[in-house]
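As structure tokens, the structure follows; a few thoughts come after it.
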Amino acid sequence: MGTSVYPVHGGLNLVELRSLGVDPSDVLDFSASINPLGLPHGVVEAMAKVDITTYPDRQCLKLREALAAHLNVELAQILVGNGSTELIHLLARAYLSKDDRAFIFAPTFGEYEAACMKVEAAVYNFKAKEATGFHWDLDAGLSAIQEQDPRLVFLCNPNNP
């Protein structure tokens, strides 16, 4: 991953495109959850109804209640954040300390490793192989988890946060 704790992802690299002689308007950006169709119908109207004179609810109570009811789970089982990257880092901070072990099914989103490194946890990458079409051998993965005895396992499916 290099020397940086943060992987490079998300958004077009305008300097790279310019060096290649590529017009950014000719590129479809799939590096982030970007909707090329624009805002869904009703979003602007819904946003206009939001009271911006108060701070948002730090506990996201109404959202968590709605999700818990929809998913038929307890309120305490719902964690919301400002995107998957924040949640990944919160999980690492909550469960890992210096020298704890984390297990990552790789290759995958770089933020899993970055979050683990930020808290100085040791990272074990269980890598899928090209010979198997980049499908993990889950039996071997389970054995490796038992051998490594990590405090946290990251398995992303589909393999995108």
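Chain identifiers are assigned as A, B, and so on, following the order in which chains appear in the structure tokens; residues are numbered from 1 within each chain, and ligands are numbered from 1 in order of appearance.
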(Q) I want to know what sits within 10 Å of range 58-62 of chain A, based on only C-alpha atoms, with residues of the same chain fewer than 2 positions away left out; could you give that as a list in words? (A)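 These residues fall inside the cut-off: Tyr55, Pro56, Arg64, Glu65, Ala66, Leu67, Ala68, Leu75, Ile78, Leu79, Val80 and Gly81 of chain A.
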**Q.** Residue contacts of range 114-122 of chain A (7 Å, only C-alpha atoms) excluding same-chain residues fewer than 4 positions away, as a list in words
**A.**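 My list of contacting residues is Val5, Tyr6, Pro7, Ile88, His89, Ala92, Arg93, Leu96, Ser97, Lys98, Asp99, Asp100, Arg101, Ala102 and Gly110 of chain A.
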Now that the selection is made, can you save its residues with N, CA and C atoms as a short mmCIF file (atom, residue, chain, number, x, y, z; two decimals), in the first residue's frame?
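Once written, selection.cif looks like this:
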```
data_model
loop_
_atom_site.label_atom_id
_atom_site.label_comp_id
_atom_site.auth_asym_id
_atom_site.auth_seq_id
_atom_site.Cartn_x
_atom_site.Cartn_y
_atom_site.Cartn_z
N VAL A 5 -1.06 6.17 4.79
CA VAL A 5 -2.07 5.42 5.52
C VAL A 5 -3.37 5.41 4.72
N TYR A 6 -3.53 6.36 3.80
CA TYR A 6 -4.76 6.48 3.05
C TYR A 6 -4.57 6.06 1.60
N PRO A 7 -5.37 5.12 1.14
CA PRO A 7 -5.27 4.73 -0.27
C PRO A 7 -5.83 5.82 -1.16
N ILE A 88 -16.11 2.01 8.33
CA ILE A 88 -14.95 1.11 8.37
C ILE A 88 -13.95 1.60 9.42
N HIS A 89 -13.67 2.89 9.42
CA HIS A 89 -12.72 3.44 10.39
C HIS A 89 -13.28 3.37 11.82
N ALA A 92 -12.79 -0.20 13.06
CA ALA A 92 -11.40 -0.45 13.42
C ALA A 92 -11.06 0.21 14.75
N ARG A 93 -11.52 1.45 14.95
CA ARG A 93 -11.24 2.15 16.21
C ARG A 93 -11.94 1.49 17.39
N LEU A 96 -10.13 -2.57 17.44
CA LEU A 96 -8.70 -2.86 17.32
C LEU A 96 -7.86 -1.87 18.12
N SER A 97 -6.76 -2.38 18.63
CA SER A 97 -5.74 -1.56 19.29
C SER A 97 -4.39 -1.94 18.71
N LYS A 98 -3.39 -1.23 19.14
CA LYS A 98 -2.04 -1.51 18.67
C LYS A 98 -1.72 -2.99 18.87
N ASP A 99 -1.21 -3.61 17.81
CA ASP A 99 -0.77 -5.00 17.79
C ASP A 99 -1.89 -6.04 17.78
N ASP A 100 -3.16 -5.61 17.83
CA ASP A 100 -4.25 -6.57 17.58
C ASP A 100 -4.14 -7.01 16.13
N ARG A 101 -4.78 -8.13 15.82
CA ARG A 101 -4.76 -8.63 14.45
C ARG A 101 -6.10 -8.40 13.77
N ALA A 102 -6.01 -8.01 12.50
CA ALA A 102 -7.19 -7.89 11.64
C ALA A 102 -6.97 -8.81 10.44
N GLY A 110 -9.30 -0.49 -0.28
CA GLY A 110 -8.11 -0.16 0.50
C GLY A 110 -8.37 0.43 1.87
#
```
Q | Secondary structure check, strand (DSSP E or B) residues of range 6-144 of chain A, as number ranges by chain | A | A: 101-106, 122-127
Q: Do a neighbour search on range 134-148 of chain A at 12 Å with only C-alpha atoms, toss out local chain neighbours closer than 4 positions, and write the hits as a list in words.
A: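 Here the answer would be Asp100, Arg101, Ala102, Phe103, Ile104, Phe105, Ala106, Pro107, Thr108, Ala122, Val123, Tyr124, Asn125, Phe126, Lys127, Ala128, Lys129, Glu130, Leu152, Val153, Phe154, Leu155, Cys156, Asn157, Pro158 and Asn159 of chain A.
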Q) Skipping near chain neighbours, those fewer than 2 positions away, what residues fall within 7 Å of range 23-30 of chain A using only C-alpha atoms, listed as a ChimeraX atom specification? A) /A:11-12,17,21,32
Q: Pick out each residue of chain A that DSSP on the backbone tags as helix (DSSP H, G or I); I need them as a ChimeraX atom specification.
A: /A:14-19,24-26,43-48,61-71,75-77,84-95,111-118,130-132,138-148
Suppose we keep C-alpha atoms; can you now write the selection as a PDB file, in the first residue's frame?
```pdb
ATOM      1  CA  LEU A  14      -7.368  15.358 -13.632  1.00  0.00           C
ATOM      2  CA  VAL A  15      -3.558  15.571 -13.765  1.00  0.00           C
ATOM      3  CA  GLU A  16      -3.315  11.956 -14.933  1.00  0.00           C
ATOM      4  CA  LEU A  17      -6.039  12.447 -17.537  1.00  0.00           C
ATOM      5  CA  ARG A  18      -4.347  15.580 -18.856  1.00  0.00           C
ATOM      6  CA  SER A  19      -1.000  13.752 -19.099  1.00  0.00           C
ATOM      7  CA  PRO A  24     -12.487  14.295 -18.379  1.00  0.00           C
ATOM      8  CA  SER A  25     -15.917  14.702 -19.999  1.00  0.00           C
ATOM      9  CA  ASP A  26     -15.144  11.599 -22.092  1.00  0.00           C
ATOM     10  CA  VAL A  43     -34.904  14.831  -3.604  1.00  0.00           C
ATOM     11  CA  VAL A  44     -34.782  18.608  -4.110  1.00  0.00           C
ATOM     12  CA  GLU A  45     -38.328  18.949  -2.719  1.00  0.00           C
ATOM     13  CA  ALA A  46     -37.442  16.762   0.285  1.00  0.00           C
ATOM     14  CA  MET A  47     -34.285  18.770   0.927  1.00  0.00           C
ATOM     15  CA  ALA A  48     -36.304  21.995   0.889  1.00  0.00           C
ATOM     16  CA  LEU A  61     -32.729   8.361  15.905  1.00  0.00           C
ATOM     17  CA  LYS A  62     -35.506   8.691  13.302  1.00  0.00           C
ATOM     18  CA  LEU A  63     -33.381   7.062  10.591  1.00  0.00           C
ATOM     19  CA  ARG A  64     -32.257   4.253  12.907  1.00  0.00           C
ATOM     20  CA  GLU A  65     -35.852   3.665  14.059  1.00  0.00           C
ATOM     21  CA  ALA A  66     -37.063   3.461  10.460  1.00  0.00           C
ATOM     22  CA  LEU A  67     -34.247   1.100   9.471  1.00  0.00           C
ATOM     23  CA  ALA A  68     -34.745  -1.085  12.536  1.00  0.00           C
ATOM     24  CA  ALA A  69     -38.468  -1.375  11.824  1.00  0.00           C
ATOM     25  CA  HIS A  70     -37.909  -2.099   8.137  1.00  0.00           C
ATOM     26  CA  LEU A  71     -35.197  -4.698   8.834  1.00  0.00           C
ATOM     27  CA  LEU A  75     -32.362  -0.253  17.326  1.00  0.00           C
ATOM     28  CA  ALA A  76     -28.970  -0.961  18.927  1.00  0.00           C
ATOM     29  CA  GLN A  77     -28.025  -3.086  15.906  1.00  0.00           C
ATOM     30  CA  SER A  84     -18.817   3.362   4.247  1.00  0.00           C
ATOM     31  CA  THR A  85     -15.344   4.804   4.818  1.00  0.00           C
ATOM     32  CA  GLU A  86     -16.361   6.406   8.105  1.00  0.00           C
ATOM     33  CA  LEU A  87     -18.018   3.182   9.265  1.00  0.00           C
ATOM     34  CA  ILE A  88     -14.952   1.113   8.374  1.00  0.00           C
ATOM     35  CA  HIS A  89     -12.724   3.441  10.394  1.00  0.00           C
ATOM     36  CA  LEU A  90     -15.170   3.465  13.319  1.00  0.00           C
ATOM     37  CA  LEU A  91     -15.186  -0.343  13.396  1.00  0.00           C
ATOM     38  CA  ALA A  92     -11.395  -0.447  13.425  1.00  0.00           C
ATOM     39  CA  ARG A  93     -11.242   2.150  16.212  1.00  0.00           C
ATOM     40  CA  ALA A  94     -13.884   0.310  18.244  1.00  0.00           C
ATOM     41  CA  TYR A  95     -12.443  -3.192  17.948  1.00  0.00           C
ATOM     42  CA  GLU A 111      -9.855   1.547   3.417  1.00  0.00           C
ATOM     43  CA  TYR A 112     -10.027  -1.730   5.385  1.00  0.00           C
ATOM     44  CA  GLU A 113      -6.237  -1.915   5.583  1.00  0.00           C
ATOM     45  CA  ALA A 114      -5.867   1.857   6.012  1.00  0.00           C
ATOM     46  CA  ALA A 115      -8.255   1.812   8.992  1.00  0.00           C
ATOM     47  CA  CYS A 116      -6.352  -1.069  10.600  1.00  0.00           C
ATOM     48  CA  MET A 117      -2.998   0.607  10.060  1.00  0.00           C
ATOM     49  CA  LYS A 118      -4.319   3.855  11.542  1.00  0.00           C
ATOM     50  CA  GLU A 130      -6.278 -15.323 -10.338  1.00  0.00           C
ATOM     51  CA  ALA A 131      -6.197 -19.090 -10.984  1.00  0.00           C
ATOM     52  CA  THR A 132      -9.532 -19.431  -9.151  1.00  0.00           C
ATOM     53  CA  LEU A 138     -13.663 -20.129   2.040  1.00  0.00           C
ATOM     54  CA  ASP A 139     -12.587 -23.345   3.796  1.00  0.00           C
ATOM     55  CA  ALA A 140      -8.965 -22.195   3.614  1.00  0.00           C
ATOM     56  CA  GLY A 141     -10.104 -18.736   4.737  1.00  0.00           C
ATOM     57  CA  LEU A 142     -11.849 -20.184   7.778  1.00  0.00           C
ATOM     58  CA  SER A 143      -8.737 -22.185   8.652  1.00  0.00           C
ATOM     59  CA  ALA A 144      -6.593 -19.054   8.292  1.00  0.00           C
ATOM     60  CA  ILE A 145      -8.986 -17.094  10.529  1.00  0.00           C
ATOM     61  CA  GLN A 146      -8.758 -19.813  13.187  1.00  0.00           C
ATOM     62  CA  GLU A 147      -4.962 -19.799  12.884  1.00  0.00           C
ATOM     63  CA  GLN A 148      -4.603 -15.999  12.935  1.00  0.00           C
TER      64      GLN A 148
END
```
Q) In Å to one decimal, how far is CA of Asn13 in chain A from CA of Gly83 in chain A? A)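 Taking CA of Gly83 in chain A as the start and CA of Asn13 in chain A as the end point, the length is 21.1 Å.
Computed from the coordinates, the CA of Phe109 in chain A to CA of Asp149 in chain A distance equals 21.9 Å.
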